[in-house]
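See structure below.
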Amino acid sequence: MRIPKEFMMMPIGFPDKFIRYQGTRLAVHSRADAAEVEFQAFFDDTKWSLWWLPEVNNMCRVRALGSKARGERMGAVAGLCGGLNLSFYIDPMSPTLSDVSLEDARKGEKVDKVNFIAVPSPAYEGAFRFEAAYRRGYYLIFLPPTHLRVAPFGDDDDAGIADFALVDFGIMFRFIEMEEVLQPAVSAYKGWVSLADLRRDPNIALYFSNILQKPVWDNEDFITYFEGHWETWEYNKKSQSVRLRPPEEKLAQLLNSARDVDGIAPIIASAKEEINRLPLPAAAKALIVLAAAPKDTECLDVSRAINRITAQKKLLS
């Protein structure tokens, strides 16, 4: 088996999802699932390695690189012991699926909770399955949209994904998004920047050549992109230049485009400190819409009611 020393775990069929840890908790996230987390911070929590065990062929522990077990000063690194392991618990008296978390386990400890057998996927070339070493037929499973479990797997009607691609962490930057390259490049100009200057920017040129492996867009491509993301960018046709909207202006743009309480409430509810600088016309529109009597169907929808109440509190506080 050829497995990178440091890798990201991606469920097959979900090319934008990664197993990600936060403390001892685990989730299977896309960048959109954790939109508030910056690129580097997001991927720092997706780095894994295998610690091979001598007892049985292909037996291993799946370790979160960078994690720290109790008493450790440094985070785990590939090739050295330490750190936290994927862990689960199957009750032998009532076997069923198990949540998965991170747990400290020294040599020979908790073998029924942290030991797996790495098995090449019978369905996808290059992918792997992780079977519980002491609970045959139980595998590490991704349950969309974001859950990770250890559960029985094998029948055709099983729910969830048991096959994972172990992608070399060294190619992490291939997953950087266009917006994450453009925003710092434009921000460096402290205002409006011409498309000509943008196309010459060395960071943008590197992104296109090394990541996208294609020539830098021409002006028409950039114009299409900026006009399609109007809430984030303001494009000036006359000067062929663009600027990045500040957070409060972006928030105002989103509110002005929303038509009703179902559109406005979640935008306000998810806003951060930029709401304190929201332009008065946008704030007034939002208050008027939120003050309208709720529909009967809204009373039955808990998430809509929570968004509405949270939005009202944020605007009035």
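In the structure tokens, chains take letters A, B, ... by order of appearance, with residues numbered from 1 within each chain and ligands from 1 in the order shown.
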
Legend entry - Contacts of range 99-109 of chain A at 9 Å (only C-alpha atoms; same-chain gap of 5+ positions) as a ChimeraX atom specification: /A:21,23-26,63-64,68-70,81-89,114,140,147-151

Inset, instruction - List the neighbours of Ala258 in chain A out to 12 Å using only C-alpha atoms; skip same-chain residues closer than 5 positions along the sequence, and give me the result as a VMD selection string. - result: chain A and resid 231 251 to 253 263 to 268 282 285 to 286 289 to 290

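For the residues A:Asn276, A:Phe164, A:Leu80, A:Ser194, ranking by smallest atom-to-atom distance to Lys238 in chain A using only C-alpha atoms places A:Ser194 first.
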
Legend entry - Filtered DSSP result for range 74-148 of chain A, state helix (DSSP H, G or I), as a count of residues only: 4

Inset, instruction - Pull the strand (DSSP E) assignments for range 28-248 of chain A out of DSSP run on the backbone, and list those residues as a ChimeraX atom specification. - result: /A:28-29,48-52,59-64,84-87,98-99,101-103,116-120,128-132,138-143,147-152,164-168,193-194,233-236,241-244

Please identify every residue of range 93-211 of chain A that has at least one atom no farther than 8 Å from an atom of range 2-14 of chain A, counting only C-alpha atoms, and for each give the shortest atom pair and the distance in Å to one decimal, arranged by chain then increasing number, as a Markdown table.
```
| residue | atom | partner | partner_atom | distance |
| --- | --- | --- | --- | --- |
| A:Ala127 | CA | A:Ile12 | CA | 7.8 |
| A:Phe142 | CA | A:Pro11 | CA | 6.8 |
| A:Ile161 | CA | A:Pro11 | CA | 6.5 |
| A:Ala162 | CA | A:Pro11 | CA | 7.5 |
| A:Asp163 | CA | A:Ile12 | CA | 5.7 |
| A:Phe164 | CA | A:Pro11 | CA | 4.4 |
| A:Ala165 | CA | A:Met10 | CA | 5.1 |
| A:Leu166 | CA | A:Met9 | CA | 4.9 |
| A:Val167 | CA | A:Met8 | CA | 5.1 |
| A:Asp168 | CA | A:Phe7 | CA | 4.4 |
| A:Phe169 | CA | A:Phe7 | CA | 4.5 |
| A:Gly170 | CA | A:Glu6 | CA | 7.9 |
```

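Contact shell of Leu198 in chain A at 10 Å (only C-alpha atoms; same-chain neighbours under 2 positions omitted): Leu182, Ala185, Val186, Tyr189, Val193, Ser194, Leu195, Ala196, Arg200, Asp201, Pro202, Asn203, Ile204, Ala205, Val216, Asn219, Phe222, Ser241 and Val242 of chain A.
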
Legend entry - Residue nearest Ile211 in chain A among A:Trp52, A:Phe39, A:Tyr134, A:Phe175 (counting only C-alpha atoms): A:Phe175

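Pairwise distance (CA of Val28 in chain A, CA of Leu143 in chain A) equals 8.7 Å.
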
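Across A:Ala78, A:Ile309, A:Leu212, A:Leu280, the tightest approach to Trp51 in chain A is made by A:Ala78 when counting only C-alpha atoms.
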
Legend entry - Pro279 in chain A surroundings by only C-alpha atoms, 8 Å radius, close-in-sequence under 4 positions cut, as a list in words: Glu248, Glu249, Ala252 and Ala283 of chain A

Resulting file, chosen residues, N, CA, C and O atoms, as a PDB file, in the first residue's frame:
```pdb
ATOM      1  N   GLU A 248     -19.100  45.731   5.910  1.00  0.00           N
ATOM      2  CA  GLU A 248     -20.413  46.347   6.152  1.00  0.00           C
ATOM      3  C   GLU A 248     -21.127  46.673   4.833  1.00  0.00           C
ATOM      4  O   GLU A 248     -22.352  46.603   4.736  1.00  0.00           O
ATOM      5  N   GLU A 249     -20.358  47.034   3.811  1.00  0.00           N
ATOM      6  CA  GLU A 249     -20.956  47.307   2.501  1.00  0.00           C
ATOM      7  C   GLU A 249     -21.442  46.015   1.843  1.00  0.00           C
ATOM      8  O   GLU A 249     -22.515  45.981   1.226  1.00  0.00           O
ATOM      9  N   ALA A 252     -24.656  45.164   3.447  1.00  0.00           N
ATOM     10  CA  ALA A 252     -25.731  46.007   2.927  1.00  0.00           C
ATOM     11  C   ALA A 252     -26.188  45.539   1.554  1.00  0.00           C
ATOM     12  O   ALA A 252     -27.390  45.529   1.252  1.00  0.00           O
ATOM     13  N   ALA A 283     -30.097  49.080   7.305  1.00  0.00           N
ATOM     14  CA  ALA A 283     -30.580  48.682   8.628  1.00  0.00           C
ATOM     15  C   ALA A 283     -32.069  48.970   8.779  1.00  0.00           C
ATOM     16  O   ALA A 283     -32.826  48.154   9.342  1.00  0.00           O
TER      17      ALA A 283
END
```

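Remark: for Val111 in chain A, the closest of the candidate residues A:Leu53, A:Leu244, A:Phe226, A:Glu36 is A:Leu53 (distances computed over only C-alpha atoms).
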
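Taking CA of Pro95 in chain A as the reference point, CA of Ile117 in chain A is found at 19.0 Å.
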